[in-house]
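Before any comments, here is the structure.
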Amino acid sequence: MLKYTKVQTPRGAKDILPPDGYKRSLLEATAARRLEEWGYSRIYTPSLEFFDALAQGDGPQINDQLYRFVDRDGTTLALRPEMTTPVARVAATRFSDEDSPLRLYYAGSVFRYTEPQLGNSREFTQIGVELLGGRGPSADAEIVTLAISLFEALGLDRFQVDLGHIGFIEGLTQGIDEPGFAAELKKALLDRDYVRYESIVSGGPVGAGAKAALLGLPVMRGGAELLAEARKVAEGAPAALAALDELSEVYALVKAYGLADRVAIDLGMIKGLDYYTGLLIEGYAPELGSSLCTGGRYDGLVGKFGRDCPAIGFAFGVERVMLALERQGWNPPVPVPSVVFWSEQGEREALFGAAAMARAGGISVEIGLECETREDAARYAKRRGIRRIARARRDGAGGLVLDAEDLESGKARSASADELVRAGFAWA
């Protein structure tokens with residue numbers, strides 16, 4: 001057993017090897033550029049948090065998935081299962097009202113004890129944004145349009161962002177006195193157990209009108225026209241009507257931004273976290289059976305850490321987005337150095353001197369550590385997919401010289417290292 005554990009990773013965790021490591025870093029860098037273009041600044045929070053802090057935001061489903069433990073002084077800690085709650089803690093304790101609105105983004109590992117499957121590991125990377133201090137349809141629409149803009153920047157061709165509102169189902173169930181009824185409904189919707197959902201509604205203390213509305217909730221999906229239809233269903237439920245008003249305003253702003261074709265309405269949307277208070281967001285791609293991104297408004301969460309602050313955000317799993325991209329044909333070429341430098345055994349100082357000069361001049365160089373002949377260097381370069389090789393040596397006056405060759409064209413040139421670097425090795 002000891003031998004096994006020394007060479008394997010725990011279940012649900014994995015090593016990321018080239019070329020996937022490059023793809024992942026490219027995706028993360030592209031996301032960071034787009035988010036910073038929108039005015040968001042990067043924040044880092046610890047992987048470890050006090051369990052009591054995480055419990056302020058995470059619902060029962062996530063609590064069951066926590067990696068928690070007791071440290072040596074008896075304090076209960078946990079690995080963060082998502083990033084919104086830690087950011088809310090920071091916003092309440094490290095910033096003031098004068099800093100609002102705060103536009104923050106993050107990229108980091110989160111940990112959940114779940115059953116590993118394709119696109120779903122126990123350790124995965126989330127990239128997300130939080131807009132803290134922004135309230136109303138304009139802030140909501142900024143987050144929706146940013147999510148769409150971000151996925152377009154990452155190269156996703158086929159995706160959709162669904163919008164819902166927690167206030168719709170809460171409005172339809174408002175005034176029902178039976179303890180746990182609304183929570184059971186939400187749990188069945190979250191699990192997509194529609195048979196159980198129908199049974200709960202049919203057997204619950206609900207009037208005929210509300211019952212019909214609730215039974216239709218799982219299929220209330222569609223375009224903007226659904227909002228008008230839902231008003232008929234929500235008659236007599238002021239909170240549900242208010243939720244539809246907010247959704248209508250957000251949709252109008254997204255449409256004004258020119259992104260209405262990327263958006264759909266899902267009034268049966270529900271979340272596994274308890275902190276959502278308004279707009280809900282889910283992103284989907286046809287290549288995946290699970291969501292690309294998730295988010296929404298959580299106006300009460302920051303206040304649990306001591307300072308009331310409206311907030312909205314979203315996050316996506318890097319691994320899932322990579323999987324969707326690859327299934328849509330994304331396969332960026334992995335960059336390789338421009339040239340392999342080599343030298344005979346007695347010329348290693350010339351080799352390192354020439355490499356330093358080339359790199360300072362913006363040429364990407366890989367040193368052929370075991371290459372002492374032209375044939376060694378050519379074999380190594382071909383194996384690595386590198387087009388050029390160059391032998392480094394000193395001339396009679398002690399100057400650095402490169403005997404360079406383009407392996408594709410067969411063209412060769414000997415010149416001073418400085419001359420070839422200034423030419424960008426473009427002679428071939």
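Residues in the structure tokens are named by chain (A, B, ... in the order shown) and by number from 1 within that chain; ligands are numbered from 1 in the order shown.
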
- Message: Can you pull out the residues contacting Phe159 of chain A? Cut-off 7 Å, using only C-alpha atoms, and skip same-chain residues under 2 positions away; I want them as a list in words.
- Response: Leu156, Asp157, Val161, Tyr284, Ala285 and Pro286 of chain A

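Residues in contact range of Gly39 of chain A, defined as at most 10 Å between only C-alpha atoms, with sequence neighbours fewer than 6 positions away removed, read A:Leu102, A:Arg103, A:Leu104, A:Tyr105.
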
- Message: as a ChimeraX atom specification, please: the residues near Tyr197 of chain A (cut-off 9 Å, only C-alpha atoms, same-chain neighbours under 3 positions excluded).
- Response: /A:184-189,192-194,200-202,215

Residues as selected, C-alpha atoms, written as a PDB file, in the first residue's frame, can you do that?
```
ATOM      1  CA  GLU A 184     -38.307  19.979  -0.255  1.00  0.00           C
ATOM      2  CA  LEU A 185     -39.479  21.488  -3.526  1.00  0.00           C
ATOM      3  CA  LYS A 186     -36.129  23.200  -4.086  1.00  0.00           C
ATOM      4  CA  LYS A 187     -34.228  20.015  -3.260  1.00  0.00           C
ATOM      5  CA  ALA A 188     -36.254  17.998  -5.786  1.00  0.00           C
ATOM      6  CA  LEU A 189     -35.676  20.661  -8.457  1.00  0.00           C
ATOM      7  CA  ARG A 192     -33.804  17.133 -11.191  1.00  0.00           C
ATOM      8  CA  ASP A 193     -36.067  14.548  -9.579  1.00  0.00           C
ATOM      9  CA  TYR A 194     -39.226  15.720 -11.271  1.00  0.00           C
ATOM     10  CA  ILE A 200     -44.545  16.937  -3.286  1.00  0.00           C
ATOM     11  CA  VAL A 201     -46.589  19.597  -5.096  1.00  0.00           C
ATOM     12  CA  SER A 202     -49.600  17.336  -5.598  1.00  0.00           C
ATOM     13  CA  LEU A 215     -46.368  21.842 -11.512  1.00  0.00           C
TER      14      LEU A 215
END
```

- Near Ala183 of chain A, counting only C-alpha atoms, which residues have an atom at most 12 Å away, once you skip same-chain residues fewer than 4 positions from it, shown as an MDAnalysis selection string? chainID A and resid 59:60 169:170 173:174 176 178:179 187:190 197 200:201 270:272 274

Requested write-out: C-alpha atoms of the selected residues, as a compact mmCIF listing (two decimals), in the first residue's frame:
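File produced: part21.txt:
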```
# COMPACT_ATOMS: atom_id res chain seq x y z
CA GLY A 59 -25.86 25.12 1.85
CA PRO A 60 -26.44 21.58 3.14
CA ILE A 169 -40.31 30.05 -6.80
CA GLU A 170 -40.14 31.72 -3.38
CA THR A 173 -44.59 29.24 -2.27
CA GLN A 174 -44.92 32.29 -0.05
CA ILE A 176 -47.53 28.13 2.69
CA GLU A 178 -46.17 23.62 6.14
CA PRO A 179 -42.61 23.44 7.54
CA LYS A 187 -34.23 20.02 -3.26
CA ALA A 188 -36.25 18.00 -5.79
CA LEU A 189 -35.68 20.66 -8.46
CA LEU A 190 -31.97 20.79 -7.68
CA TYR A 197 -41.21 17.15 -7.26
CA ILE A 200 -44.54 16.94 -3.29
CA VAL A 201 -46.59 19.60 -5.10
CA ILE A 270 -32.40 26.44 -8.42
CA LYS A 271 -29.00 26.38 -6.68
CA GLY A 272 -27.23 24.14 -4.18
CA ASP A 274 -28.26 28.94 0.28
```

- Which of segment 111-190 of chain A fall in strand (DSSP E or B), as a ChimeraX atom specification: /A:111,117,120,123-132,160-165

Mind writing the picked residues with C-alpha atoms as a PDB file, in the first residue's frame?
```
ATOM      1  CA  PHE A 111     -12.183  21.103  -3.135  1.00  0.00           C
ATOM      2  CA  GLN A 117     -16.373  11.791 -13.268  1.00  0.00           C
ATOM      3  CA  ASN A 120     -15.873  16.791 -12.259  1.00  0.00           C
ATOM      4  CA  GLU A 123      -9.975  19.256  -6.725  1.00  0.00           C
ATOM      5  CA  PHE A 124     -10.726  21.610  -9.590  1.00  0.00           C
ATOM      6  CA  THR A 125      -9.991  25.175 -10.617  1.00  0.00           C
ATOM      7  CA  GLN A 126     -12.554  27.959 -10.527  1.00  0.00           C
ATOM      8  CA  ILE A 127     -12.266  31.291 -12.301  1.00  0.00           C
ATOM      9  CA  GLY A 128     -14.885  33.798 -11.307  1.00  0.00           C
ATOM     10  CA  VAL A 129     -15.870  37.382 -10.656  1.00  0.00           C
ATOM     11  CA  GLU A 130     -17.660  39.194  -7.857  1.00  0.00           C
ATOM     12  CA  LEU A 131     -19.231  42.643  -8.214  1.00  0.00           C
ATOM     13  CA  LEU A 132     -19.652  43.891  -4.640  1.00  0.00           C
ATOM     14  CA  GLN A 160     -25.981  29.596 -23.809  1.00  0.00           C
ATOM     15  CA  VAL A 161     -26.482  31.490 -20.563  1.00  0.00           C
ATOM     16  CA  ASP A 162     -29.761  30.792 -18.758  1.00  0.00           C
ATOM     17  CA  LEU A 163     -31.285  33.354 -16.405  1.00  0.00           C
ATOM     18  CA  GLY A 164     -33.610  32.595 -13.514  1.00  0.00           C
ATOM     19  CA  HIS A 165     -34.633  34.242 -10.260  1.00  0.00           C
TER      20      HIS A 165
END
```

Considering only C-alpha atoms, tabulate each residue of segment 177-243 of chain A that lies at most 12 Å from segment 277-283 of chain A along with its nearest interatomic pair and the corresponding distance in Å to one decimal; arrange the rows by chain and ascending residue number and present them as CSV.
```
residue,atom,partner,partner_atom,distance
A:Ala239,CA,A:Gly278,CA,11.0
A:Ala240,CA,A:Gly278,CA,11.0
A:Ala242,CA,A:Gly278,CA,10.3
A:Ala243,CA,A:Gly278,CA,7.5
```

Please save N, CA and C atoms of the selected residues as a PDB file, in the first residue's frame.
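And here's out-v2.pdb as it stands now:
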```pdb
ATOM      1  N   ALA A 239     -44.367  38.683  -4.901  1.00  0.00           N
ATOM      2  CA  ALA A 239     -42.917  38.468  -4.920  1.00  0.00           C
ATOM      3  C   ALA A 239     -42.484  37.806  -6.227  1.00  0.00           C
ATOM      4  N   ALA A 240     -43.308  36.894  -6.740  1.00  0.00           N
ATOM      5  CA  ALA A 240     -42.988  36.245  -8.012  1.00  0.00           C
ATOM      6  C   ALA A 240     -43.071  37.252  -9.151  1.00  0.00           C
ATOM      7  N   ALA A 242     -42.556  40.482  -8.877  1.00  0.00           N
ATOM      8  CA  ALA A 242     -41.394  41.363  -8.740  1.00  0.00           C
ATOM      9  C   ALA A 242     -40.148  40.715  -9.326  1.00  0.00           C
ATOM     10  N   ALA A 243     -40.007  39.403  -9.133  1.00  0.00           N
ATOM     11  CA  ALA A 243     -38.868  38.680  -9.711  1.00  0.00           C
ATOM     12  C   ALA A 243     -38.910  38.751 -11.231  1.00  0.00           C
TER      13      ALA A 243
END
```

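You can rank A:Leu273, A:Ala392, A:Leu351, A:Ala31 by their closest distance to Leu301 of chain A using only C-alpha atoms, and at the top of that list sits A:Leu273.
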
- Task: Between A:Glu142, A:Val302, A:Leu402, A:Pro335, single out the one closest to Tyr40 of chain A, counting only C-alpha atoms.
- Result: A:Glu142

- Task: Could you give me, as an NGL selection string, each residue of segment 173-327 of chain A that DSSP assigns to helix (DSSP H, G or I) when run on this structure's backbone?
- Result: :A and (173 or 181-190 or 194-202 or 208-219 or 225-233 or 238-256 or 260-262 or 302-305 or 318-327)

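The two atoms in question, atom CA of Asp406 of chain A and atom CA of Gly21 of chain A, are spaced 28.5 Å apart.
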
- From the list A:Ala252, A:Ala208, A:Met357, A:Val334, which residue is nearest Leu227 of chain A when using only C-alpha atoms? A:Ala252

Would you write out, as CSV, a table of all residues in segment 348-371 of chain A that have an atom no more than 7 Å from an atom of segment 418-426 of chain A, listing for each the closest atom pair and the distance in Å to one decimal, considering only C-alpha atoms and ordering rows by chain and rising residue number?
```
residue,atom,partner,partner_atom,distance
A:Ala358,CA,A:Val421,CA,5.6
A:Gly361,CA,A:Val421,CA,6.2
A:Ile363,CA,A:Gly424,CA,6.9
```

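As for atom CA of Ser291 of chain A and atom CA of Met269 of chain A, they are spaced 11.9 Å apart.
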
- Task: For segment 68-80 of chain A, work out the shell of residues within 7 Å, counting only C-alpha atoms and skipping chain neighbours fewer than 3 positions away, then give it as an MDAnalysis selection string.
- Result: chainID A and resid 47:51 83 110:111
